[in-house]
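Report on the following structure.
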Number of protein chains: 2
Amino acid sequence: MDGQRKLLVFITFDGSLYHGWQVQQNAVSVQQVVQDALERVLKVRPGIVGCSRTDSGVHANEFAFHFLTDSRIPCESLVKALNVNLPKDIAALRCTDAPADFHARYDVVYKEYIYKIYNKEIRSPFYHNRALFYPQPLDIAAMQQAANGFLGKHDFSSLCAAGSSVTDNTRNVMLSEVEANGDLVIYRVRADGFLYNMVRIMTGTLLWVSQGKIKPDDIDNIINARDRNMAGPTAPPQGLYLNRVFYGG
Amino acid sequence: MDGQRKLLVFITFDGSLYHGWQVQQNAVSVQQVVQDALERVLKVRPGIVGCSRTDSGVHANEFAFHFLTDSRIPCESLVKALNVNLPKDIAALRCTDAPADFHARYDVVYKEYIYKIYNKEIRSPFYHNRALFYPQPLDIAAMQQAANGFLGKHDFSSLCAAGSSVTDNTRNVMLSEVEANGDLVIYRVRADGFLYNMVRIMTGTLLWVSQGKIKPDDIDNIINARDRNMAGPTAPPQGLYLNRVFYGG
């Protein structure tokens with residue numbers, strides 16, 4: 001038990017009041033608030049590495065980060081202490097010791113996002129900041145047919161925010177489902193990685209399908225064009241939830 | 001179409017930031033904010049009469065109020081205009097013309113409340129202010145057995161906040177159900193009327209049953225005692241939702 005430990009911590013957060021995960025100047029980020037809480041618990045401020053960046057207003061049912069520490073605190077105690085020290089819109093879910101070469105971003109096997117659409121004629125006070133309010137009827141069947149077109153290994157440049165600096169835009173989408181759940185329509189997508197704004201652009205493109213602006217079969221052409229201008233608009237952040245981060249094992 | 005109309009409006013609100021329905025000095029109430037919105041729409045400030053008072057932090061999936069107006073605005077337009085003028089934590093659901101002798105409080109046939117308990121080991125950022133966080137396992141079967149004891153017409157003095165000025169404490173409970181729904185345990189109760197804090201005390205009493213402090217069969221004795229000290233504690237407000245207001249027809 002000598003030397004530094006690497007700890008992997010899973011958290012959940014309501015991103016409404018945060019400027020995303022990553023520490024920024026002049027804006028409160030989830031990372032900064034989690035570091036504040038860790039510092040209160042550990043008496044030193046660790047650098048922490050998140051599984052991904054998230055945008056302003058985006059939520060997480062599950063988000064992971066790692067950090068190095070000299071502390072011998074048991075994982076269960078760390079989770080409890082974090083939950084005492086974190087604000088009510090962030091909670092620690094679990095913690096585990098990780099191998100020395102583990103990396104919260106590079107070792108992700110897959111991530112799953114959900115995008116929540118509140119699909120009623122009148123907005124709900126309970127989904128403000130928690131879902132996209134979309135009062136028009138949705139064509140779930142057409143959206144699901146289009147969502148199937150995202151499955152598989154593709155260059156997703158058409159579904160990546162313009163100006164992204166990533167060079168290889170190939171990702172493998174292994175799940176892409178649209179489901180109605182009470183007043184919500186939920187798009188669920190799982191992949192080995194995601195490009196910048198990819199899920200929000202996928203969702204905006206599925207909404208285009210529901211609106212009849214494009215057909216479900218057009219997804220192939222949109223992907224093959226490798227042109228951001230071919231896909232739908234970027235859906236707003238408040239509907240997006242990082243739902244699961246999977247590291248294997 | 002001459003003379004004054006009486007309008008019945010149904011709304012929904014997240015009560016987190018409000019000191020209940022009723023207008024108060026030095027505190028923001030839902031009633032006041034709704035009157036502000038009505039004044040912007042109608043250019044006069046109507047007095048409005050709610051279906052019940054609600055406590056600070058209590059929510060409503062459906063709440064009703066009536067008011068008199070000289071306006072000829074169609075109901076549908078009023079709903080739309082209200083939703084433009086209301087803050088995001090309150091929404092107008094529907095509106096209807098009511099008979100001249102209609103009263104939003106006295107004409108209620110039944111009301112239904114739900115009480116949400118978030119029953120997981122770790123608190124959720126998404127249920128802060130929206131449910132009671134209760135990390136211990138719940139004995140749903142015992143709670144349901146106890147909930148059956150509330151059914152029927154009884155003097156509910158034991159389940160009414162001490163100091164209430166109501167003289168007849170007899171109410172008829174027609175539905176009383178405990179259900180597990182994902183991470184939530186929901187207590188649903190419908191009656192022809194409710195005493196002050198009645199649902200919150202019922203919920204606190206059901207939690208006592210789950211904790212083994214009393215037995216499901218004790219509900220009869222608690223009711224018959226007509227003594228507030230016999231029942232469980234008043235559960236906190238954030239789990240309580242007025243779920244339905246029914247006027248018949």
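Each chain of the structure tokens is named A, B, ... in the order shown, its residues numbered from 1; ligands are numbered from 1 in display order.
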Let's see if you can do this: from backbone DSSP, list all alpha helix (DSSP H) residues in stretch 35-125 of chain A, as an mmCIF file with N, CA, C and O atoms, in the first residue's frame.
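Dumped to result17.cif:
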data_model
loop_
_atom_site.group_PDB
_atom_site.id
_atom_site.type_symbol
_atom_site.label_atom_id
_atom_site.label_comp_id
_atom_site.auth_asym_id
_atom_site.auth_seq_id
_atom_site.Cartn_x
_atom_site.Cartn_y
_atom_site.Cartn_z
ATOM 1 N N GLN A 35 -12.996 19.416 -7.612
ATOM 2 C CA GLN A 35 -11.654 19.590 -7.026
ATOM 3 C C GLN A 35 -11.732 20.285 -5.669
ATOM 4 O O GLN A 35 -11.008 19.935 -4.741
ATOM 5 N N ASP A 36 -12.615 21.288 -5.572
ATOM 6 C CA ASP A 36 -12.828 21.968 -4.278
ATOM 7 C C ASP A 36 -13.226 20.951 -3.198
ATOM 8 O O ASP A 36 -12.702 20.976 -2.081
ATOM 9 N N ALA A 37 -14.164 20.068 -3.550
ATOM 10 C CA ALA A 37 -14.648 19.079 -2.569
ATOM 11 C C ALA A 37 -13.537 18.090 -2.218
ATOM 12 O O ALA A 37 -13.343 17.746 -1.047
ATOM 13 N N LEU A 38 -12.793 17.632 -3.248
ATOM 14 C CA LEU A 38 -11.685 16.700 -2.987
ATOM 15 C C LEU A 38 -10.639 17.349 -2.085
ATOM 16 O O LEU A 38 -10.084 16.703 -1.184
ATOM 17 N N GLU A 39 -10.394 18.630 -2.310
ATOM 18 C CA GLU A 39 -9.394 19.338 -1.502
ATOM 19 C C GLU A 39 -9.830 19.400 -0.036
ATOM 20 O O GLU A 39 -9.020 19.250 0.873
ATOM 21 N N ARG A 40 -11.134 19.604 0.180
ATOM 22 C CA ARG A 40 -11.624 19.634 1.569
ATOM 23 C C ARG A 40 -11.477 18.261 2.228
ATOM 24 O O ARG A 40 -11.175 18.152 3.402
ATOM 25 N N VAL A 41 -11.657 17.203 1.436
ATOM 26 C CA VAL A 41 -11.585 15.850 1.995
ATOM 27 C C VAL A 41 -10.133 15.415 2.194
ATOM 28 O O VAL A 41 -9.771 14.861 3.233
ATOM 29 N N LEU A 42 -9.280 15.688 1.190
ATOM 30 C CA LEU A 42 -7.915 15.138 1.179
ATOM 31 C C LEU A 42 -6.864 16.104 1.723
ATOM 32 O O LEU A 42 -5.723 15.719 1.927
ATOM 33 N N CYS A 75 -12.153 3.715 -0.387
ATOM 34 C CA CYS A 75 -13.004 4.256 -1.458
ATOM 35 C C CYS A 75 -14.400 4.621 -0.938
ATOM 36 O O CYS A 75 -14.939 5.674 -1.279
ATOM 37 N N GLU A 76 -14.985 3.754 -0.131
ATOM 38 C CA GLU A 76 -16.340 3.994 0.361
ATOM 39 C C GLU A 76 -16.399 5.275 1.203
ATOM 40 O O GLU A 76 -17.353 6.057 1.104
ATOM 41 N N SER A 77 -15.360 5.488 1.996
ATOM 42 C CA SER A 77 -15.312 6.695 2.830
ATOM 43 C C SER A 77 -15.149 7.938 1.967
ATOM 44 O O SER A 77 -15.710 9.002 2.266
ATOM 45 N N LEU A 78 -14.348 7.810 0.900
ATOM 46 C CA LEU A 78 -14.163 8.957 0.011
ATOM 47 C C LEU A 78 -15.494 9.363 -0.621
ATOM 48 O O LEU A 78 -15.827 10.554 -0.689
ATOM 49 N N VAL A 79 -16.277 8.375 -1.065
ATOM 50 C CA VAL A 79 -17.581 8.676 -1.675
ATOM 51 C C VAL A 79 -18.470 9.409 -0.674
ATOM 52 O O VAL A 79 -19.075 10.438 -0.993
ATOM 53 N N LYS A 80 -18.526 8.900 0.558
ATOM 54 C CA LYS A 80 -19.367 9.544 1.575
ATOM 55 C C LYS A 80 -18.893 10.958 1.868
ATOM 56 O O LYS A 80 -19.707 11.892 1.958
ATOM 57 N N ALA A 81 -17.568 11.113 2.024
ATOM 58 C CA ALA A 81 -17.025 12.439 2.349
ATOM 59 C C ALA A 81 -17.268 13.415 1.194
ATOM 60 O O ALA A 81 -17.591 14.590 1.409
ATOM 61 N N LEU A 82 -17.123 12.915 -0.040
ATOM 62 C CA LEU A 82 -17.394 13.787 -1.198
ATOM 63 C C LEU A 82 -18.844 14.245 -1.188
ATOM 64 O O LEU A 82 -19.140 15.425 -1.418
ATOM 65 N N ASN A 83 -19.760 13.335 -0.896
ATOM 66 C CA ASN A 83 -21.182 13.710 -0.934
ATOM 67 C C ASN A 83 -21.565 14.707 0.148
ATOM 68 O O ASN A 83 -22.527 15.454 -0.005
ATOM 69 N N VAL A 84 -20.797 14.731 1.232
ATOM 70 C CA VAL A 84 -21.013 15.753 2.253
ATOM 71 C C VAL A 84 -20.504 17.110 1.744
ATOM 72 O O VAL A 84 -21.078 18.148 2.042
ATOM 73 N N ASN A 85 -19.441 17.066 0.951
ATOM 74 C CA ASN A 85 -18.768 18.303 0.550
ATOM 75 C C ASN A 85 -19.177 18.841 -0.820
ATOM 76 O O ASN A 85 -18.816 19.964 -1.176
#
For chain B against chain A, which residues fall within 9 Å using only C-alpha atoms, given as a CSV table (one decimal) with C-alpha atoms, in the first residue's frame?
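Saved result, out-v4.csv, follows:
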chain,number,residue,atom,x,y,z
B,12,THR,CA,-48.6,23.3,-12.9
B,13,PHE,CA,-45.6,24.5,-10.9
B,14,ASP,CA,-42.3,23.6,-9.4
B,61,ASN,CA,-48.7,18.7,-11.4
B,80,LYS,CA,-50.8,30.8,-24.5
B,83,ASN,CA,-47.2,30.7,-20.7
B,87,PRO,CA,-41.6,32.1,-15.3
B,88,LYS,CA,-40.2,28.7,-16.4
B,89,ASP,CA,-41.2,27.0,-13.1
B,90,ILE,CA,-45.0,27.7,-13.6
B,91,ALA,CA,-47.0,26.8,-16.7
B,92,ALA,CA,-50.7,27.2,-17.6
B,93,LEU,CA,-52.2,23.9,-18.7
B,122,ILE,CA,-26.9,8.0,-2.9
B,123,ARG,CA,-28.8,11.2,-3.4
B,124,SER,CA,-29.6,12.3,-7.0
B,125,PRO,CA,-28.9,15.8,-8.3
B,126,PHE,CA,-32.1,15.4,-10.3
B,128,HIS,CA,-32.9,17.6,-5.1
B,130,ARG,CA,-38.2,17.2,-6.0
One decimal, in Å: what's the spacing between atom CA of B:Val199 and atom CA of B:Val34? 25.1 Å
As a ChimeraX atom specification, please: every residue in stretch 16-146 of chain B that a backbone DSSP assignment puts in strand (DSSP E or B). /B:24,27,49-50,59-69,90-98,110-118,132-133
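You can rank B:Ser71, B:Tyr196, B:Ala225, B:Ile186 by their closest distance to B:Ile114 using only C-alpha atoms, and at the top of that list sits B:Ile186.
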